[in-house]
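> File input25.csv follows (CSV, C-alpha atoms):
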chain,number,residue,atom,x,y,z
A,29,ARG,CA,-7.5,2.6,-10.7
A,30,GLU,CA,-9.7,3.1,-7.6
A,31,PHE,CA,-12.3,0.7,-6.5
A,32,SER,CA,-15.6,1.6,-5.0
A,33,SER,CA,-16.9,-0.4,-2.0
A,34,GLY,CA,-20.0,-1.3,-4.2
A,35,SER,CA,-17.8,-3.5,-6.5
A,36,PHE,CA,-17.2,-6.0,-3.7
A,37,GLN,CA,-19.8,-8.5,-2.4
A,38,PRO,CA,-19.7,-9.6,1.3
A,39,MET,CA,-18.5,-13.2,1.7
A,40,SER,CA,-21.9,-14.2,3.2
A,41,SER,CA,-23.4,-13.7,-0.3
A,42,PHE,CA,-21.4,-16.4,-1.9
A,43,ARG,CA,-22.6,-20.1,-1.7
A,44,VAL,CA,-19.9,-22.5,-0.7
A,45,LEU,CA,-19.8,-25.5,-3.1
A,46,PRO,CA,-18.7,-29.0,-2.0
A,47,GLN,CA,-15.1,-29.7,-2.7
A,48,VAL,CA,-16.0,-32.6,-5.0
A,49,VAL,CA,-17.9,-30.3,-7.3
A,50,LEU,CA,-15.1,-27.8,-7.5
A,51,ASN,CA,-12.7,-30.5,-8.4
A,52,GLY,CA,-15.1,-31.8,-11.2
A,53,LEU,CA,-15.5,-35.1,-9.3
A,54,ALA,CA,-19.2,-34.9,-8.4
A,55,SER,CA,-21.2,-38.1,-8.6
A,56,GLY,CA,-21.2,-39.4,-12.2
A,57,ALA,CA,-18.3,-37.3,-13.3
A,58,ASP,CA,-15.5,-39.0,-15.3
A,59,PRO,CA,-12.4,-38.8,-13.1
A,60,SER,CA,-10.1,-39.3,-16.2
A,61,ARG,CA,-11.1,-36.0,-17.6
A,62,THR,CA,-9.0,-33.1,-16.7
A,63,PRO,CA,-11.2,-30.3,-15.3
A,64,SER,CA,-11.0,-27.0,-17.0
A,65,ARG,CA,-8.9,-24.5,-15.1
A,66,ARG,CA,-10.1,-21.0,-14.2
A,67,PRO,CA,-7.9,-18.1,-15.1
A,68,GLU,CA,-5.5,-17.3,-12.3
A,69,VAL,CA,-6.5,-14.3,-10.3
A,70,PRO,CA,-3.6,-12.0,-9.4
A,71,ALA,CA,-2.8,-11.5,-5.7
A,72,ALA,CA,-4.5,-8.5,-4.0
A,73,ASP,CA,-1.1,-6.8,-3.4
A,74,THR,CA,0.3,-7.3,-6.9
A,75,VAL,CA,2.2,-4.2,-8.1
A,76,ASP,CA,0.3,-2.4,-10.9
A,77,PRO,CA,2.8,-2.2,-13.7
A,78,SER,CA,1.2,0.9,-15.2
A,79,CYS,CA,2.0,3.0,-12.1
A,80,ALA,CA,5.3,4.5,-10.9
A,81,LEU,CA,4.9,3.0,-7.5
A,82,GLN,CA,2.3,2.2,-4.9
A,83,LEU,CA,1.9,2.4,-1.1
A,84,GLU,CA,0.1,-0.4,0.6
A,85,MET,CA,-1.5,0.2,4.1
A,86,ARG,CA,-1.1,-2.3,6.9
A,87,GLY,CA,-0.9,-2.2,10.7
A,88,PRO,CA,-3.0,-2.1,13.9
A,89,GLY,CA,-4.5,1.2,13.0
A,90,VAL,CA,-5.8,-0.2,9.7
A,91,ASP,CA,-9.0,-2.1,9.1
A,92,GLU,CA,-7.4,-5.1,7.3
A,93,SER,CA,-10.8,-6.6,6.5
A,94,ILE,CA,-10.9,-4.0,3.7
A,95,PRO,CA,-9.5,-5.5,0.5
A,96,MET,CA,-5.9,-4.5,-0.2
A,97,SER,CA,-7.0,-3.0,-3.5
A,98,GLU,CA,-8.9,-0.4,-1.4
A,99,ARG,CA,-6.0,0.2,0.9
A,100,THR,CA,-3.4,0.9,-1.8
A,101,LEU,CA,-2.4,4.3,-3.1
A,102,ARG,CA,-1.1,4.3,-6.7
A,103,CYS,CA,1.3,6.9,-8.0
A,104,PRO,CA,0.7,7.6,-11.7
A,105,LEU,CA,3.6,8.0,-14.1
A,106,HIS,CA,4.6,11.6,-14.8
A,107,ASN,CA,3.9,12.3,-18.5
A,108,GLY,CA,4.5,8.5,-19.0
A,109,GLU,CA,7.9,8.6,-17.2
A,110,PHE,CA,9.0,7.1,-13.9
A,111,GLU,CA,11.2,10.1,-13.2
A,112,GLY,CA,9.2,13.1,-11.8
A,113,SER,CA,6.3,10.9,-10.5
A,114,ARG,CA,4.9,12.1,-7.2
A,115,ILE,CA,2.2,11.1,-4.7
A,116,ALA,CA,1.1,13.0,-1.6
A,117,VAL,CA,-0.5,11.3,1.5
A,118,GLY,CA,-2.8,13.0,3.9
A,119,ARG,CA,-6.4,13.6,4.9
A,120,ASP,CA,-6.9,16.3,2.3
A,121,VAL,CA,-4.9,14.8,-0.6
A,122,SER,CA,-5.4,11.0,-0.4
A,123,PRO,CA,-8.4,9.2,-2.1
A,124,PHE,CA,-11.5,8.9,-0.1
A,125,HIS,CA,-10.9,5.3,0.9
A,126,ILE,CA,-7.7,6.0,2.9
A,127,PRO,CA,-9.4,7.7,6.0
A,128,ARG,CA,-12.1,5.0,5.8
A,129,SER,CA,-9.4,2.3,6.1
A,130,LEU,CA,-8.2,3.7,9.4
A,131,VAL,CA,-9.7,2.5,12.7
A,132,GLY,CA,-10.5,4.4,15.8
A,133,ASP,CA,-8.8,7.8,16.1
A,134,THR,CA,-5.9,6.9,13.8
A,135,SER,CA,-7.0,9.3,11.1
A,136,THR,CA,-6.6,12.2,13.5
A,137,TYR,CA,-2.8,11.6,13.5
A,138,LEU,CA,-2.7,11.7,9.7
A,139,SER,CA,-2.1,15.4,8.8
A,140,ARG,CA,-3.9,17.1,6.0
A,141,ARG,CA,-0.7,16.8,4.0
A,142,HIS,CA,1.5,14.3,5.9
A,143,PHE,CA,4.2,13.2,3.5
A,144,GLU,CA,4.9,12.7,-0.2
A,145,VAL,CA,6.9,10.2,-2.1
A,146,TYR,CA,8.5,11.3,-5.4
A,147,VAL,CA,11.0,10.1,-8.0
A,148,THR,CA,14.0,12.3,-8.7
A,149,ASP,CA,15.4,13.0,-12.2
A,150,ARG,CA,18.0,10.3,-11.4
A,151,GLY,CA,15.3,7.7,-10.6
A,152,GLU,CA,15.8,7.8,-6.8
A,153,ILE,CA,12.7,7.4,-4.7
A,154,VAL,CA,12.4,9.9,-1.9
A,155,CYS,CA,10.0,10.3,1.1
A,156,LYS,CA,9.5,14.0,2.1
A,157,ASN,CA,7.9,14.8,5.5
A,158,LEU,CA,5.3,17.6,5.3
A,159,SER,CA,3.9,17.3,8.8
A,160,LEU,CA,4.9,18.3,12.4
A,161,ASN,CA,3.8,14.8,13.3
A,162,GLY,CA,6.6,13.3,11.3
A,163,VAL,CA,7.1,9.8,9.9
A,164,PHE,CA,9.5,6.9,10.5
A,165,ILE,CA,11.3,4.9,7.9
A,166,ASN,CA,11.4,1.1,8.5
A,167,HIS,CA,11.7,1.4,12.3
A,168,GLU,CA,11.1,3.9,15.2
A,169,GLY,CA,14.7,4.9,15.5
A,170,ASN,CA,14.7,6.3,12.0
A,171,ALA,CA,12.6,9.4,12.4
A,172,ILE,CA,11.9,12.3,10.0
A,173,THR,CA,10.4,14.9,12.2
A,174,ARG,CA,11.2,18.3,10.6
A,175,ARG,CA,9.0,19.6,7.8
A,176,GLY,CA,10.8,19.4,4.5
A,177,ASP,CA,13.2,16.6,5.6
A,178,GLU,CA,13.7,13.9,3.1
A,179,TYR,CA,14.9,10.3,3.1
A,180,PRO,CA,15.6,7.8,0.3
A,181,VAL,CA,13.3,4.8,0.1
A,182,GLN,CA,13.1,1.7,-2.1
A,183,HIS,CA,10.9,-1.2,-2.9
A,184,GLY,CA,9.8,-2.9,0.3
A,185,ASP,CA,10.6,0.0,2.6
A,186,LYS,CA,7.9,1.0,5.1
A,187,ILE,CA,6.9,4.6,5.9
A,188,LEU,CA,5.5,4.5,9.4
A,189,LEU,CA,2.9,6.6,11.1
A,190,LYS,CA,2.5,6.6,14.9
A,191,ALA,CA,-0.8,7.0,16.7
A,192,VAL,CA,-2.5,6.1,20.0
A,193,VAL,CA,-3.9,2.6,19.5
A,194,HIS,CA,-5.4,0.6,22.5
A,195,ASN,CA,-4.5,3.5,24.9
A,196,ALA,CA,-0.8,3.4,23.9
A,197,GLU,CA,1.3,5.3,21.3
A,198,GLU,CA,2.6,2.8,18.7
A,199,VAL,CA,3.3,2.4,15.1
A,200,ALA,CA,-0.3,2.3,13.7
A,201,VAL,CA,0.1,2.4,10.0
A,202,ALA,CA,2.8,1.1,7.7
A,203,PHE,CA,2.8,2.4,4.1
A,204,THR,CA,4.8,-0.2,2.2
A,205,VAL,CA,6.6,1.1,-0.9
A,206,LYS,CA,6.0,-1.2,-3.9
A,207,VAL,CA,7.7,-0.6,-7.2
A,208,PRO,CA,6.9,-2.5,-10.4
A,209,GLU,CA,9.7,-5.0,-11.1
A,210,ALA,CA,10.7,-3.4,-14.4
A,211,ARG,CA,11.5,-0.1,-12.6
A,212,ARG,CA,13.3,-1.4,-9.5
A,213,SER,CA,16.7,-1.4,-11.2
A,214,ARG,CA,16.3,2.4,-11.8
A,215,ALA,CA,15.4,3.1,-8.2
A,216,THR,CA,17.7,4.0,-5.3
A,217,PRO,CA,19.8,1.1,-3.9
A,218,PRO,CA,18.6,-0.8,-0.8
A,219,SER,CA,18.8,1.1,2.5
A,220,SER,CA,20.7,-0.4,5.4
A,221,ALA,CA,17.8,0.2,7.9
A,222,ASP,CA,16.0,-2.8,9.3
A,223,ARG,CA,12.3,-2.9,8.6
A,224,ILE,CA,9.7,-3.3,11.2
A,225,SER,CA,7.5,-6.3,10.8
A,226,LEU,CA,3.8,-5.4,10.3
Can you give me the file's structure in the form of structure tokens?

Amino acid sequence: REFSSGSFQPMSSFRVLPQVVLNGLASGADPSRTPSRRPEVPAADTVDPSCALQLEMRGPGVDESIPMSERTLRCPLHNGEFEGSRIAVGRDVSPFHIPRSLVGDTSTYLSRRHFEVYVTDRGEIVCKNLSLNGVFINHEGNAITRRGDEYPVQHGDKILLKAVVHNAEEVAVAFTVKVPEARRSRATPPSSADRISL
């Protein structure tokens, strides 16, 4: 599900309540009463169990003040199945909020169709490069530079995009692969590559 920027209110619009009120211990309150608990709100980067997988954007080329819910690409199931699911990433194929999440000139390094992630008939998750700019898997030494080249990925792996940030070329965007827990056992086994920390 996509979120519009209009569904979020700036923090400045919320009134901060004193801690004693939030704890139900304002003047005159009975401290022996257990305050009613609010429903627990899921973390912003919780994996959506209704999708095949999702890609979460982080890095110096990303405006991380934007909520993670608006920096996440969700890959829908293919006819209700994990196998055959596919998502493409690029300026022409990604939802509107992806270019908006990139800072400076980072979006110019994202090709119209840069890469795609899909699930094979055997349940393996694969990243396929579609761009001359290429991508890296987990670290800069693990490059996929030729169009059509593929590399297996799994939950927690990072698909990296390089760009010029602060006058130097560096890893600007990390698309972290997240797979719902129930489907991780069906995905490809862990890769041996170290993961860059972003």
> For a test of reading the model, state the distance in Å between CA of Thr148 in chain A and CA of Tyr179 in chain A, rounded to one decimal.
12.0 Å
> What is the distance, in Å and to one decimal place, between CA of Ala80 in chain A and CA of Gly169 in chain A?
28.0 Å
> Contacts between range 192-215 of chain A and range 100-183 of chain A, please, where a residue of range 100-183 of chain A counts if it comes within 8 Å (with all atoms listed in the file); show its shortest atom pair and distance in Å to one decimal, rows by chain and ascending number, as CSV.

residue,atom,partner,partner_atom,distance
A:Phe110,CA,A:Arg211,CA,7.7
A:Gly132,CA,A:Val193,CA,7.8
A:Asp133,CA,A:Val192,CA,7.6
A:Thr134,CA,A:Val192,CA,7.1
A:Gly151,CA,A:Ala215,CA,5.2
A:Glu152,CA,A:Ala215,CA,4.9
A:Ile153,CA,A:Ala215,CA,6.2
A:Glu168,CA,A:Val199,CA,7.9
A:Val181,CA,A:Val205,CA,7.7
A:Gln182,CA,A:Val205,CA,6.6
A:His183,CA,A:Lys206,CA,5.0
> Using all atoms listed in the file, find the one residue out of A:Glu144, A:Asp91, A:Glu109, A:Asp76 that sits nearest to Ile126 in chain A.
A:Asp91
> Between CA of Gly118 in chain A and CA of Asn166 in chain A, what is the distance in Å, rounded to a tenth?
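Here the two named atoms are 19.1 Å from each other.
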> Hey, which of A:Leu189, A:Leu101, A:Val131, A:Val75 ends up closest to Asn157 in chain A? Count all atoms listed in the file.
A:Leu189
> Find the residues near Ser122 in chain A: any atom within 10 Å, counting all atoms listed in the file, skip ones fewer than 5 places away on the same chain, and give them as an MDAnalysis selection string.
chainID A and resid 101 115:117 127 140:142
> Quick one: residues within 8 Å of Asn161 in chain A, only C-alpha atoms counted, chain neighbours fewer than 5 positions away excluded, as a PyMOL selection string?
chain A and resi 137+139+142+173
> At a cut-off of 12 Å, using all atoms listed in the file, what residues contact Ile172 in chain A? Leave out same-chain residues fewer than 6 positions from it and give the result as a ChimeraX atom specification.
/A:142-143,155-166,178-180,187-189
